[in-house]
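Structure file upload-v1.cif; described as mmCIF, C-alpha atoms and all ligand atoms.
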```cif
data_coords
loop_
_atom_site.label_atom_id
_atom_site.label_comp_id
_atom_site.auth_asym_id
_atom_site.auth_seq_id
_atom_site.Cartn_x
_atom_site.Cartn_y
_atom_site.Cartn_z
CA MET M 19 -29.65 25.73 -7.32
CA ALA M 20 -26.44 25.41 -5.29
CA LYS M 21 -23.73 23.32 -6.93
CA PRO M 22 -20.54 21.82 -5.41
CA GLY M 23 -17.96 24.56 -5.13
CA ASP M 24 -20.47 27.37 -4.52
CA LEU M 25 -20.11 29.49 -1.40
CA VAL M 26 -23.39 28.97 0.42
CA GLU M 27 -25.27 29.88 3.53
CA VAL M 28 -27.20 26.97 5.00
CA ILE M 29 -30.01 28.13 7.24
CA THR M 30 -31.23 25.48 9.69
CA LYS M 31 -33.80 25.66 12.48
CA ASN M 32 -31.16 26.59 15.05
CA LYS M 33 -28.14 27.91 13.21
CA THR M 34 -26.79 29.33 9.97
CA TYR M 35 -23.64 27.82 8.45
CA LYS M 36 -21.49 29.44 5.81
CA GLY M 37 -19.08 27.49 3.67
CA ILE M 38 -18.30 25.83 0.38
CA LEU M 39 -20.72 23.15 -0.74
CA MET M 40 -18.72 19.94 -1.14
CA PRO M 41 -19.34 17.06 -3.54
CA LYS M 42 -21.06 14.40 -1.47
CA PRO M 43 -18.99 11.32 -0.64
CA GLU M 44 -20.71 8.21 -1.99
CA ILE M 45 -20.93 6.66 1.46
CA LEU M 46 -23.06 9.45 2.91
CA LYS M 47 -26.79 9.03 2.82
CA SER M 48 -28.58 11.26 0.31
CA ASN M 49 -30.32 13.13 3.12
CA THR M 50 -27.10 14.91 4.14
CA ILE M 51 -25.17 17.77 2.58
CA VAL M 52 -21.53 18.57 3.34
CA ILE M 53 -20.01 22.04 3.52
CA LYS M 54 -16.43 23.12 4.15
CA LEU M 55 -16.35 25.79 6.82
CA ASN M 56 -13.90 28.65 6.84
CA SER M 57 -11.92 26.79 9.52
CA GLY M 58 -11.17 24.04 6.95
CA TYR M 59 -13.39 21.49 8.66
CA ASN M 60 -16.17 19.74 6.77
CA ILE M 61 -19.56 19.30 8.41
CA GLY M 62 -22.55 17.25 7.35
CA ILE M 63 -26.01 18.77 7.77
CA ASP M 64 -29.18 16.72 7.80
CA LYS M 65 -31.46 17.94 5.01
CA LYS M 66 -34.53 17.71 7.17
CA ASN M 67 -33.15 20.44 9.44
CA ILE M 68 -32.41 22.78 6.54
CA LYS M 69 -34.82 25.64 5.94
CA LYS M 70 -32.98 27.26 3.06
CA ILE M 71 -29.69 27.16 1.13
CA LYS M 72 -28.63 30.56 -0.18
CA VAL M 73 -25.90 30.77 -2.84
CA ILE M 74 -23.59 33.64 -1.91
CA LYS M 75 -21.04 33.18 -4.68
CA LYS M 76 -20.99 30.80 -7.60
CA ALA M 77 -17.88 28.65 -8.00
CA LYS M 78 -15.26 29.91 -10.42
CA LYS M 79 -14.85 27.74 -13.48
CA LYS M 80 -11.49 25.96 -13.38
CA LYS M 81 -9.04 26.84 -16.06
CA ALA M 82 -8.82 23.85 -18.35
CA ARG M 83 -5.17 24.22 -19.24
CA ARG M 84 -2.15 24.82 -17.11
CA LYS M 85 1.32 26.03 -17.99
CA LYS M 86 3.57 23.47 -19.65
CA ILE M 87 6.45 22.45 -17.40
CA LYS M 88 9.94 23.30 -18.63
CA GLN M 89 12.41 20.42 -18.82
CA ASN M 90 15.75 20.78 -17.05
CA LYS M 91 18.33 18.81 -19.04
CA LYS M 92 20.65 18.53 -16.03
CA LEU M 93 18.07 16.65 -13.95
CA PRO M 94 17.00 13.00 -14.15
CA THR M 95 13.45 12.11 -15.19
CA VAL M 96 11.02 10.32 -12.90
CA SER M 97 7.79 8.70 -14.09
CA ILE M 98 4.87 8.97 -11.70
CA LEU M 99 2.19 6.33 -12.20
CA SER M 100 -1.00 7.08 -10.30
CA THR M 101 -3.40 4.46 -9.03
CA GLY M 102 -5.74 6.48 -6.80
CA GLY M 103 -6.13 6.78 -3.03
CA THR M 104 -5.91 9.88 -0.87
CA ILE M 105 -2.62 11.04 -2.41
CA SER M 106 -4.23 11.37 -5.83
CA SER M 107 -7.26 13.34 -4.76
CA LYS M 108 -6.81 17.01 -4.39
CA VAL M 109 -9.26 19.53 -3.00
CA ASP M 110 -9.48 22.78 -4.87
CA TYR M 111 -9.96 25.53 -2.32
CA THR M 112 -11.65 27.84 -4.76
CA THR M 113 -14.26 25.35 -5.90
CA GLY M 114 -14.40 23.01 -2.91
CA GLY M 115 -14.37 20.18 -5.45
CA THR M 116 -12.08 17.19 -5.43
CA TYR M 117 -10.14 16.13 -8.48
CA ALA M 118 -7.45 13.60 -9.09
CA SER M 119 -3.77 14.32 -9.64
CA LEU M 120 -3.06 12.45 -12.82
CA THR M 121 -0.85 14.55 -15.06
CA ALA M 122 2.68 15.80 -14.52
CA GLU M 123 1.21 19.31 -14.29
CA ASP M 124 -1.12 18.15 -11.49
CA PHE M 125 1.77 16.75 -9.46
CA VAL M 126 3.91 19.83 -10.01
CA GLU M 127 1.01 22.05 -9.03
CA LEU M 128 0.52 19.92 -5.93
CA GLU M 129 4.19 20.21 -4.89
CA PRO M 130 6.29 22.46 -7.15
CA LYS M 131 9.49 21.58 -5.21
CA ILE M 132 9.65 18.18 -6.94
CA LEU M 133 11.01 20.01 -10.00
CA LYS M 134 14.19 20.77 -8.03
CA PHE M 135 15.05 17.07 -8.12
CA ALA M 136 13.66 15.67 -11.36
CA ASN M 137 11.74 16.24 -14.54
CA ILE M 138 8.33 14.70 -14.09
CA ARG M 139 6.33 12.51 -16.38
CA ALA M 140 2.99 11.10 -15.25
CA LYS M 141 0.40 8.56 -16.29
CA GLN M 142 -2.78 7.32 -14.70
CA VAL M 143 -2.93 3.53 -14.43
CA LEU M 144 -5.87 3.13 -12.03
CA GLN M 145 -8.15 5.55 -10.21
CA ILE M 146 -9.39 3.57 -7.20
CA MET M 147 -9.07 3.45 -3.44
CA SER M 148 -6.55 0.80 -2.49
CA GLU M 149 -9.07 -1.36 -0.62
CA ASP M 150 -10.47 -2.05 -4.10
CA VAL M 151 -7.14 -3.04 -5.65
CA ASN M 152 -7.07 -6.71 -6.69
CA PRO M 153 -4.47 -9.12 -8.14
CA ASP M 154 -5.43 -8.25 -11.74
CA ASP M 155 -4.59 -4.63 -10.91
CA TRP M 156 -1.15 -5.72 -9.66
CA VAL M 157 -0.49 -7.35 -13.03
CA LYS M 158 -1.74 -4.31 -14.95
CA LEU M 159 0.37 -1.97 -12.82
CA ALA M 160 3.50 -4.14 -13.13
CA LYS M 161 3.23 -4.09 -16.93
CA GLU M 162 2.92 -0.30 -16.94
CA VAL M 163 5.91 0.03 -14.59
CA TYR M 164 7.94 -2.26 -16.86
CA LYS M 165 7.23 0.00 -19.84
CA GLU M 166 8.46 3.04 -17.91
CA LEU M 167 11.57 1.25 -16.59
CA ASN M 168 12.57 0.38 -20.13
CA LYS M 169 12.47 3.99 -21.31
CA LYS M 170 16.05 5.20 -21.70
CA ASP M 171 15.54 8.65 -20.22
CA VAL M 172 13.63 7.48 -17.11
CA SER M 173 15.71 7.13 -13.91
CA GLY M 174 13.06 5.65 -11.68
CA VAL M 175 9.36 5.11 -11.17
CA VAL M 176 7.11 6.49 -8.43
CA ILE M 177 3.72 4.88 -7.87
CA THR M 178 1.12 6.91 -6.01
CA HIS M 179 -1.22 4.53 -4.19
CA GLY M 180 -3.83 4.40 -1.42
CA THR M 181 -2.25 3.49 1.89
CA ASP M 182 -4.56 0.68 3.02
CA THR M 183 -3.11 -2.02 0.78
CA LEU M 184 0.04 -0.24 -0.37
CA HIS M 185 2.21 -2.86 1.34
CA TYR M 186 0.51 -5.72 -0.55
CA THR M 187 1.22 -4.01 -3.88
CA ALA M 188 4.82 -3.25 -2.83
CA ALA M 189 5.40 -6.89 -1.89
CA MET M 190 3.80 -8.23 -5.07
CA LEU M 191 5.89 -5.92 -7.28
CA SER M 192 9.00 -7.02 -5.36
CA PHE M 193 8.37 -10.60 -6.50
CA MET M 194 7.28 -9.63 -10.00
CA PHE M 195 10.54 -7.72 -10.63
CA PRO M 196 13.40 -10.10 -9.76
CA LYS M 197 15.76 -7.77 -11.63
CA LEU M 198 15.62 -4.00 -11.66
CA SER M 199 17.80 -1.50 -13.47
CA LYS M 200 16.00 1.40 -11.77
CA PRO M 201 14.23 1.89 -8.45
CA ILE M 202 10.47 1.56 -7.95
CA VAL M 203 9.07 3.71 -5.13
CA LEU M 204 5.52 3.47 -3.82
CA VAL M 205 4.09 6.45 -1.99
CA GLY M 206 0.78 7.35 -0.38
CA ALA M 207 -0.72 9.88 1.99
CA GLN M 208 -2.56 9.39 5.25
CA ARG M 209 -4.13 12.86 5.25
CA SER M 210 -5.65 14.61 2.26
CA THR M 211 -4.30 17.87 0.91
CA ASP M 212 -7.17 19.94 2.31
CA ARG M 213 -5.86 19.30 5.82
CA GLY M 214 -3.10 21.41 7.30
CA SER M 215 -1.42 18.23 8.50
CA SER M 216 -1.33 16.59 5.08
CA ASP M 217 1.68 14.35 4.54
CA THR M 218 1.20 14.39 0.75
CA PHE M 219 3.76 17.07 -0.03
CA MET M 220 6.81 15.75 1.80
CA ASN M 221 6.04 12.15 0.86
CA LEU M 222 5.89 13.17 -2.78
CA ILE M 223 9.19 15.10 -2.70
CA CYS M 224 11.00 12.30 -0.87
CA SER M 225 9.64 9.61 -3.19
CA VAL M 226 10.86 11.54 -6.25
CA ILE M 227 14.30 11.92 -4.62
CA ALA M 228 14.31 8.18 -3.83
CA ALA M 229 13.41 7.32 -7.43
CA THR M 230 16.61 9.04 -8.61
CA GLN M 231 18.87 6.85 -6.43
CA ARG M 232 20.83 3.82 -7.59
CA ILE M 233 18.88 1.27 -5.55
CA GLY M 234 17.58 -1.84 -7.33
CA GLU M 235 14.57 -2.48 -5.11
CA VAL M 236 10.83 -1.92 -4.80
CA MET M 237 10.43 0.44 -1.86
CA VAL M 238 7.83 2.35 0.12
CA CYS M 239 8.48 6.01 0.97
CA MET M 240 6.39 7.48 3.80
CA HIS M 241 6.73 9.86 6.77
CA ALA M 242 9.14 8.47 9.37
CA THR M 243 7.94 10.61 12.29
CA PRO M 244 4.86 12.71 13.04
CA ASN M 245 6.84 15.78 11.92
CA ASP M 246 7.81 17.00 8.48
CA ASP M 247 11.48 16.12 9.02
CA PHE M 248 12.22 13.06 6.87
CA CYS M 249 10.75 9.97 5.26
CA TYR M 250 11.78 6.37 5.60
CA LEU M 251 12.47 4.25 2.58
CA HIS M 252 11.18 0.78 3.47
CA ARG M 253 11.93 -2.51 1.71
CA GLY M 254 8.78 -3.52 -0.21
CA THR M 255 8.59 -6.95 1.46
CA LYS M 256 9.26 -5.78 5.00
CA VAL M 257 6.81 -2.97 5.50
CA ARG M 258 3.31 -2.67 6.89
CA LYS M 259 0.69 -0.04 7.64
CA MET M 260 0.59 -0.04 11.46
CA HIS M 261 -1.78 2.80 12.27
CA THR M 262 -5.10 3.95 10.88
CA SER M 263 -4.36 7.66 10.78
CA ARG M 264 -0.84 8.64 11.91
CA ARG M 265 1.41 10.21 9.30
CA ASP M 266 4.19 7.80 10.32
CA ALA M 267 1.90 4.75 10.04
CA PHE M 268 4.27 2.71 7.87
CA ARG M 269 6.92 0.73 9.70
CA SER M 270 9.62 -1.68 8.65
CA ILE M 271 8.94 -4.97 10.46
CA ASN M 272 11.75 -7.28 11.62
CA GLN M 273 14.39 -5.01 10.13
CA PHE M 274 15.52 -1.40 9.76
CA PRO M 275 14.35 0.74 6.84
CA ILE M 276 16.75 0.98 3.90
CA ALA M 277 17.28 4.73 4.23
CA LYS M 278 16.19 8.08 5.54
CA VAL M 279 15.24 10.56 2.82
CA PHE M 280 15.22 14.26 3.63
CA PRO M 281 13.10 16.72 1.65
CA ASP M 282 16.23 18.79 0.86
CA GLY M 283 17.59 15.89 -1.20
CA ARG M 284 19.86 14.21 1.35
CA ILE M 285 19.79 10.42 1.75
CA GLU M 286 21.14 8.47 4.71
CA ILE M 287 21.53 4.76 3.99
CA LEU M 288 20.78 2.54 7.01
CA ILE M 289 21.19 -1.03 5.73
CA ASP M 290 22.53 -2.97 2.75
CA TYR M 291 20.35 -2.86 -0.31
CA LYS M 292 20.20 -4.57 -3.71
CA LYS M 293 22.32 -2.81 -6.31
CA LEU M 294 20.91 -1.99 -9.72
CA ASP M 295 20.87 -4.75 -12.31
CA GLY M 296 21.78 -4.22 -15.95
CA LYS M 297 18.21 -5.03 -17.04
CA ASN M 298 14.64 -5.29 -15.85
CA GLU M 299 12.95 -8.63 -15.54
CA LEU M 300 9.18 -8.97 -15.18
CA ASP M 301 7.30 -12.10 -14.14
CA THR M 302 3.56 -11.53 -13.79
CA LYS M 303 2.49 -15.17 -13.69
CA ILE M 304 0.48 -15.56 -10.49
CA ASP M 305 -2.07 -18.01 -9.13
CA LYS M 306 -4.98 -16.09 -7.61
CA LYS M 307 -6.45 -19.12 -5.80
CA VAL M 308 -4.71 -18.30 -2.53
CA ALA M 309 -6.43 -17.39 0.76
CA LEU M 310 -5.22 -15.55 3.85
CA VAL M 311 -6.92 -16.91 6.97
CA TYR M 312 -6.77 -15.45 10.49
CA ILE M 313 -6.66 -18.00 13.34
CA TYR M 314 -8.67 -17.14 16.47
CA PRO M 315 -10.10 -18.85 19.55
CA GLY M 316 -13.41 -20.52 18.73
CA MET M 317 -12.72 -20.60 14.99
CA ASN M 318 -14.81 -23.15 13.10
CA PRO M 319 -12.42 -25.65 11.43
CA LYS M 320 -14.94 -26.03 8.59
CA ILE M 321 -13.64 -22.71 7.22
CA ILE M 322 -10.84 -24.79 5.68
CA ASP M 323 -13.45 -27.04 3.96
CA TYR M 324 -14.70 -23.99 2.10
CA TYR M 325 -11.31 -23.39 0.50
CA ILE M 326 -10.92 -27.08 -0.31
CA LYS M 327 -14.34 -27.13 -1.99
CA GLN M 328 -13.59 -23.94 -3.91
CA ARG M 329 -10.44 -25.65 -5.21
CA TYR M 330 -7.96 -23.21 -3.80
CA HIS M 331 -4.29 -24.00 -4.39
CA GLY M 332 -2.83 -22.29 -1.34
CA ILE M 333 -3.78 -21.09 2.14
CA ILE M 334 -1.75 -18.78 4.36
CA LEU M 335 -2.70 -19.19 8.00
CA MET M 336 -2.04 -16.27 10.33
CA GLY M 337 -1.38 -18.37 13.42
CA THR M 338 -1.02 -17.23 16.99
CA GLY M 339 2.40 -16.73 18.63
CA LEU M 340 5.08 -18.87 17.06
CA GLY M 341 2.59 -20.04 14.41
CA HIS M 342 0.10 -22.04 16.48
CA ILE M 343 -3.33 -23.18 15.44
CA PRO M 344 -5.89 -25.08 17.59
CA THR M 345 -4.65 -28.70 17.64
CA THR M 346 -6.83 -30.44 20.26
CA GLY M 347 -10.51 -30.98 20.92
CA LYS M 348 -13.45 -30.20 18.66
CA ASP M 349 -11.84 -26.99 17.35
CA SER M 350 -8.69 -28.73 16.15
CA LEU M 351 -7.69 -27.68 12.65
CA ILE M 352 -5.16 -30.47 12.20
CA LEU M 353 -7.43 -32.91 10.33
CA LYS M 354 -8.66 -30.18 8.01
CA ILE M 355 -5.14 -29.05 7.23
CA ARG M 356 -4.04 -32.60 6.63
CA SER M 357 -6.85 -33.15 4.13
CA ALA M 358 -6.13 -29.80 2.41
CA ILE M 359 -2.48 -30.79 1.96
CA LYS M 360 -3.50 -34.30 0.77
CA LYS M 361 -5.53 -32.58 -1.95
CA GLY M 362 -2.37 -30.76 -3.05
CA ILE M 363 -3.13 -27.41 -1.38
CA ALA M 364 -0.06 -25.61 -0.03
CA VAL M 365 -0.71 -24.61 3.59
CA CYS M 366 1.69 -22.02 5.01
CA ILE M 367 2.08 -20.74 8.54
CA THR M 368 2.78 -17.12 9.50
CA SER M 369 2.24 -15.29 12.78
CA GLN M 370 -0.28 -12.62 13.65
CA CYS M 371 2.39 -11.23 16.03
CA LEU M 372 4.05 -9.83 12.88
CA TYR M 373 7.34 -9.37 14.75
CA GLY M 374 9.58 -12.42 15.23
CA ARG M 375 9.80 -15.75 13.48
CA THR M 376 7.58 -18.83 13.28
CA HIS M 377 9.16 -21.96 14.79
CA GLU M 378 8.01 -25.45 13.88
CA PHE M 379 9.95 -27.31 16.56
CA VAL M 380 9.46 -25.37 19.79
CA TYR M 381 6.23 -26.95 21.08
CA SER M 382 4.76 -30.39 20.45
CA ASN M 383 1.64 -28.73 18.99
CA LEU M 384 3.83 -27.05 16.40
CA ARG M 385 5.51 -30.35 15.58
CA LYS M 386 2.03 -31.82 14.96
CA LEU M 387 1.47 -29.07 12.46
CA GLU M 388 4.83 -29.51 10.80
CA ASN M 389 4.08 -33.25 10.46
CA THR M 390 1.06 -32.42 8.33
CA GLY M 391 3.41 -30.90 5.76
CA ALA M 392 2.53 -27.27 6.56
CA ILE M 393 5.19 -24.75 5.50
CA PHE M 394 6.50 -22.41 8.20
CA CYS M 395 7.24 -19.01 6.70
CA GLU M 396 10.18 -17.86 8.85
CA ASP M 397 9.87 -14.13 9.65
CA MET M 398 7.76 -13.29 6.61
CA LEU M 399 4.81 -10.98 7.12
CA PRO M 400 1.46 -12.72 6.51
CA GLU M 401 0.56 -10.36 3.64
CA VAL M 402 3.96 -10.95 2.07
CA ALA M 403 3.61 -14.73 2.37
CA TYR M 404 0.17 -14.36 0.75
CA VAL M 405 1.44 -12.59 -2.38
CA LYS M 406 4.59 -14.74 -2.47
CA LEU M 407 2.49 -17.92 -2.51
CA MET M 408 0.53 -16.53 -5.49
CA HIS M 409 3.84 -15.91 -7.23
CA VAL M 410 5.29 -19.32 -6.32
CA LEU M 411 2.11 -21.20 -7.34
CA GLY M 412 2.34 -19.35 -10.65
CA LYS M 413 5.57 -21.31 -11.21
CA THR M 414 4.78 -24.72 -9.72
CA LYS M 415 2.02 -26.64 -7.94
CA LYS M 416 4.39 -29.38 -6.69
CA LEU M 417 4.29 -29.11 -2.92
CA ASP M 418 7.96 -29.96 -2.28
CA LYS M 419 9.03 -27.34 -4.81
CA VAL M 420 6.52 -24.85 -3.34
CA LYS M 421 8.07 -25.47 0.09
CA GLU M 422 11.59 -24.97 -1.25
CA LEU M 423 10.64 -21.65 -2.87
CA MET M 424 8.59 -20.38 0.09
CA LYS M 425 11.59 -21.02 2.36
CA LYS M 426 14.02 -19.36 -0.07
CA ASN M 427 14.79 -15.68 0.40
CA MET M 428 13.88 -14.30 -3.03
CA THR M 429 13.90 -10.56 -2.51
CA GLY M 430 14.71 -9.69 1.10
CA GLU M 431 11.44 -11.06 2.51
CA ILE M 432 13.23 -13.52 4.85
CA ASN M 433 15.91 -12.61 7.37
CA PRO M 434 18.18 -15.50 8.43
CA SER M 435 18.47 -14.02 11.92
CA LEU M 436 16.72 -11.19 13.71
CA SER M 437 18.53 -8.58 15.74
CA PRO M 438 16.70 -7.66 18.99
CA LYS M 439 17.25 -4.03 17.97
CA VAL M 440 14.68 -4.19 15.17
CA PHE M 441 11.64 -4.59 17.41
CA LEU M 442 9.22 -1.63 17.19
CA VAL M 443 11.64 0.69 15.41
N1 LIG M 501 -8.61 3.96 1.99
C1 LIG M 501 -7.68 4.77 1.27
C2 LIG M 501 -6.91 3.90 0.32
O1 LIG M 501 -6.20 3.04 0.75
C3 LIG M 501 -6.79 5.47 2.21
C4 LIG M 501 -5.64 6.20 1.56
O2 LIG M 501 -5.59 6.45 0.42
O3 LIG M 501 -4.71 6.51 2.26
O4 LIG M 501 -7.00 4.08 -0.85
#
```

Turn this file's structure into structure tokens for me.
Amino acid sequence: MAKPGDLVEVITKNKTYKGILMPKPEILKSNTIVIKLNSGYNIGIDKKNIKKIKVIKKAKKKKARRKKIKQNKKLPTVSILSTGGTISSKVDYTTGGTYASLTAEDFVELEPKILKFANIRAKQVLQIMSEDVNPDDWVKLAKEVYKELNKKDVSGVVITHGTDTLHYTAAMLSFMFPKLSKPIVLVGAQRSTDRGSSDTFMNLICSVIAATQRIGEVMVCMHATPNDDFCYLHRGTKVRKMHTSRRDAFRSINQFPIAKVFPDGRIEILIDYKKLDGKNELDTKIDKKVALVYIYPGMNPKIIDYYIKQRYHGIILMGTGLGHIPTTGKDSLILKIRSAIKKGIAVCITSQCLYGRTHEFVYSNLRKLENTGAIFCEDMLPEVAYVKLMHVLGKTKKLDKVKELMKKNMTGEINPSLSPKVFLV
């Protein structure tokens, strides 16, 4: 019987395909098999069209052990914590199988050039796609990062992460680490290593370089352009995935990235950044009863009742434009918001425009909203306001204090003024 990794010939009614039998992704129905063709492309073949599968060559057994990596005493040490996602899964060309990069040896094998910049240490913290990451995972990850940061010989921490929710994790860690004596760099990959256009390799090199710098921030390191020229180092509270598949999908919103990082080790600083602190401070107290709600035409105001009934403590509304919500007629949300706030729920306003700032005083409809006691979140990204509210509600449930903290710039998430130059950079 053919096993994943075997070189096979699949004979169908009309055609014969030759390639490596791939492990079947969970999402595919069981009536399909997947083979990797010589061209590098994977194709799925419906089992009912298959007449025969011939094994041409059995997969080679993988060597269990790899060479130990030599330590270079002149170089700093970077700890890589892996959490899963595309960047962690590696396709072995000889077997066609996929396995995760979890050990230092795996990462070095993936991109040997990282050893030019640092000694590598690695640990697996999670092994999931980032759409499955939840607030408990953020706490678990933060505690693991804290342990690494406190090791004397470690200069910085790299976290490999799926790209879908990488910016949520980056923002949450930014709030959980008010003081940092070493940088924390999150990195992902948009394209897996079996594709010629994979961004894994350069992203990994640049993130390791970034983790050796003297920057006291949580940052995201990803391709800056569609080419393999340099990466951007984005502030953890000002970054967002803006494209489903492009290698340069991550963009700093409402400000410039902190730096450009080149794969040859050069760094070009673009804006002011937080300097290193003498110590690391960790605060993982969060309140998970926070919702993020998108506002749209025709929205049923009763959606808010659900969160009231479920005893939520905070709601972030992603309003339209300057932070609008429907305020007149049968779709008005005003009464619902008023009753949520009366029950002690913090209601915060962000904008689905992402760029720009919310403004409570521009239109009379916005003033109506402000009169309810809703908190306008300046130029904060909705996802950032969401994790910040969890963090703030972990400290206090008093609405005036919540407002004061939500309006306070804690870790670069709020810009007092926005330069026109930062739009779509
Ligand atoms: N859906 C995947 C994830 O976020 C995509 C990726 O890893 O880039 O984990």

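If you measure from each of M:Ile287, M:Met147, M:Ile138, M:Val52 to ligand LIG 501 (chain M) using only C-alpha atoms and all ligand atoms, the closest one turns out to be M:Met147.
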
List every residue of chain M that has an atom at most 8 Å from any atom of ligand LIG 501 (chain M), and for each one report the closest atom pair and its distance in Å to one decimal, counting all atoms listed in the file, with rows sorted by chain and then by increasing residue number, as CSV.
```
residue,atom,partner,partner_atom,distance
M:Gly102,CA,M:LIG501,O4,6.5
M:Gly103,CA,M:LIG501,O2,3.5
M:Thr104,CA,M:LIG501,O2,3.7
M:Ile105,CA,M:LIG501,O2,6.2
M:Ile146,CA,M:LIG501,O4,6.8
M:Met147,CA,M:LIG501,O4,3.4
M:Ser148,CA,M:LIG501,O4,3.7
M:Glu149,CA,M:LIG501,O1,5.4
M:Asp150,CA,M:LIG501,O4,7.8
M:His179,CA,M:LIG501,O2,6.6
M:Gly180,CA,M:LIG501,O4,3.2
M:Thr181,CA,M:LIG501,O3,3.9
M:Asp182,CA,M:LIG501,O1,3.7
M:Thr183,CA,M:LIG501,O1,5.9
M:Leu184,CA,M:LIG501,O1,7.1
M:Gly206,CA,M:LIG501,O3,6.1
M:Ala207,CA,M:LIG501,O3,5.2
M:Gln208,CA,M:LIG501,O3,4.7
M:Arg209,CA,M:LIG501,O3,7.0
```

Please produce an output containing C-alpha atoms for each residue in the selection, written as a CSV table (one decimal), keeping the file's coordinate frame.
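And here's out-v4.csv as it stands now:
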```csv
chain,number,residue,atom,x,y,z
M,102,GLY,CA,-5.7,6.5,-6.8
M,103,GLY,CA,-6.1,6.8,-3.0
M,104,THR,CA,-5.9,9.9,-0.9
M,105,ILE,CA,-2.6,11.0,-2.4
M,146,ILE,CA,-9.4,3.6,-7.2
M,147,MET,CA,-9.1,3.4,-3.4
M,148,SER,CA,-6.6,0.8,-2.5
M,149,GLU,CA,-9.1,-1.4,-0.6
M,150,ASP,CA,-10.5,-2.0,-4.1
M,179,HIS,CA,-1.2,4.5,-4.2
M,180,GLY,CA,-3.8,4.4,-1.4
M,181,THR,CA,-2.2,3.5,1.9
M,182,ASP,CA,-4.6,0.7,3.0
M,183,THR,CA,-3.1,-2.0,0.8
M,184,LEU,CA,0.0,-0.2,-0.4
M,206,GLY,CA,0.8,7.4,-0.4
M,207,ALA,CA,-0.7,9.9,2.0
M,208,GLN,CA,-2.6,9.4,5.2
M,209,ARG,CA,-4.1,12.9,5.2
```

- Note on the structure: What separates atom CA of Ser369 of chain M and atom CA of Leu353 of chain M is a distance of 20.2 Å

Near-Leu25 of chain M list (10 Å; only C-alpha atoms; drop same-chain fewer than 2 positions) as a compact mmCIF listing (two decimals) with C-alpha atoms, in the frame of the given file:
```txt
# COMPACT_ATOMS: atom_id res chain seq x y z
CA ALA M 20 -26.44 25.41 -5.29
CA LYS M 21 -23.73 23.32 -6.93
CA PRO M 22 -20.54 21.82 -5.41
CA GLY M 23 -17.96 24.56 -5.13
CA GLU M 27 -25.27 29.88 3.53
CA VAL M 28 -27.20 26.97 5.00
CA LYS M 36 -21.49 29.44 5.81
CA GLY M 37 -19.08 27.49 3.67
CA ILE M 38 -18.30 25.83 0.38
CA LEU M 39 -20.72 23.15 -0.74
CA MET M 40 -18.72 19.94 -1.14
CA ILE M 53 -20.01 22.04 3.52
CA LYS M 54 -16.43 23.12 4.15
CA LEU M 55 -16.35 25.79 6.82
CA LYS M 72 -28.63 30.56 -0.18
CA VAL M 73 -25.90 30.77 -2.84
CA ILE M 74 -23.59 33.64 -1.91
CA LYS M 75 -21.04 33.18 -4.68
CA LYS M 76 -20.99 30.80 -7.60
CA ALA M 77 -17.88 28.65 -8.00
CA THR M 112 -11.65 27.84 -4.76
CA THR M 113 -14.26 25.35 -5.90
CA GLY M 114 -14.40 23.01 -2.91
```

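Among M:Arg329, M:Lys170, M:Lys361, M:His252, the residue with the shortest atom-to-atom distance to Val205 of chain M, counting all atoms listed in the file, is M:His252.
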
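Distances here use all atoms listed in the file; by that measure, the residue among M:Gln89, M:Val365, M:Ser215, M:Lys303 closest to Leu417 of chain M is M:Val365.
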
For Thr211 of chain M: contacts at 9 Å, only C-alpha atoms, fewer than 5 positions along chain excluded, given as a PDB file with C-alpha atoms, keeping the file's coordinate frame:
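So the final result, stored in result_13.pdb, reads:
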```pdb
ATOM      1  CA  THR M 104      -5.910   9.880  -0.870  1.00  0.00           C
ATOM      2  CA  ILE M 105      -2.620  11.040  -2.410  1.00  0.00           C
ATOM      3  CA  SER M 107      -7.260  13.340  -4.760  1.00  0.00           C
ATOM      4  CA  LYS M 108      -6.810  17.010  -4.390  1.00  0.00           C
ATOM      5  CA  VAL M 109      -9.260  19.530  -3.000  1.00  0.00           C
ATOM      6  CA  LEU M 128       0.520  19.920  -5.930  1.00  0.00           C
ATOM      7  CA  SER M 216      -1.330  16.590   5.080  1.00  0.00           C
ATOM      8  CA  ASP M 217       1.680  14.350   4.540  1.00  0.00           C
ATOM      9  CA  THR M 218       1.200  14.390   0.750  1.00  0.00           C
ATOM     10  CA  PHE M 219       3.760  17.070  -0.030  1.00  0.00           C
TER      11      PHE M 219
END
```

- Quick one: distance from atom CA of Tyr381 of chain M to atom CA of Met408 of chain M in Å, one decimal? 29.1 Å

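By only C-alpha atoms, and with residues fewer than 6 positions from Leu93 of chain M along its chain excluded, the set lying at most 12 Å from it is M:Ile132, M:Leu133, M:Lys134, M:Phe135, M:Ala136, M:Asn137, M:Ile138, M:Asp171, M:Val172, M:Ser173, M:Val226, M:Ile227, M:Thr230.
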
- Query: Near Lys307 of chain M, counting all atoms listed in the file, which residues have an atom at most 10 Å away, once you skip same-chain residues fewer than 6 positions from it, shown as an MDAnalysis selection string?
  - Reply: chainID M and resid 325 328:333 363 407:408 411

- Message: I'd like the contact shell of Val402 of chain M - 7 Å cut-off, only C-alpha atoms, skipping same-chain residues fewer than 5 positions apart - returned as a PyMOL selection string.
- Response: chain M and resi 186+189+255

- How many Å separate atom CA of Tyr59 of chain M from atom CA of Met220 of chain M? 22.1 Å

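Remark: for Ser119 of chain M, the closest of the candidate residues M:Leu144, M:Leu204, M:Ile432, M:Ile352 is M:Leu144 (distances computed over all atoms listed in the file).
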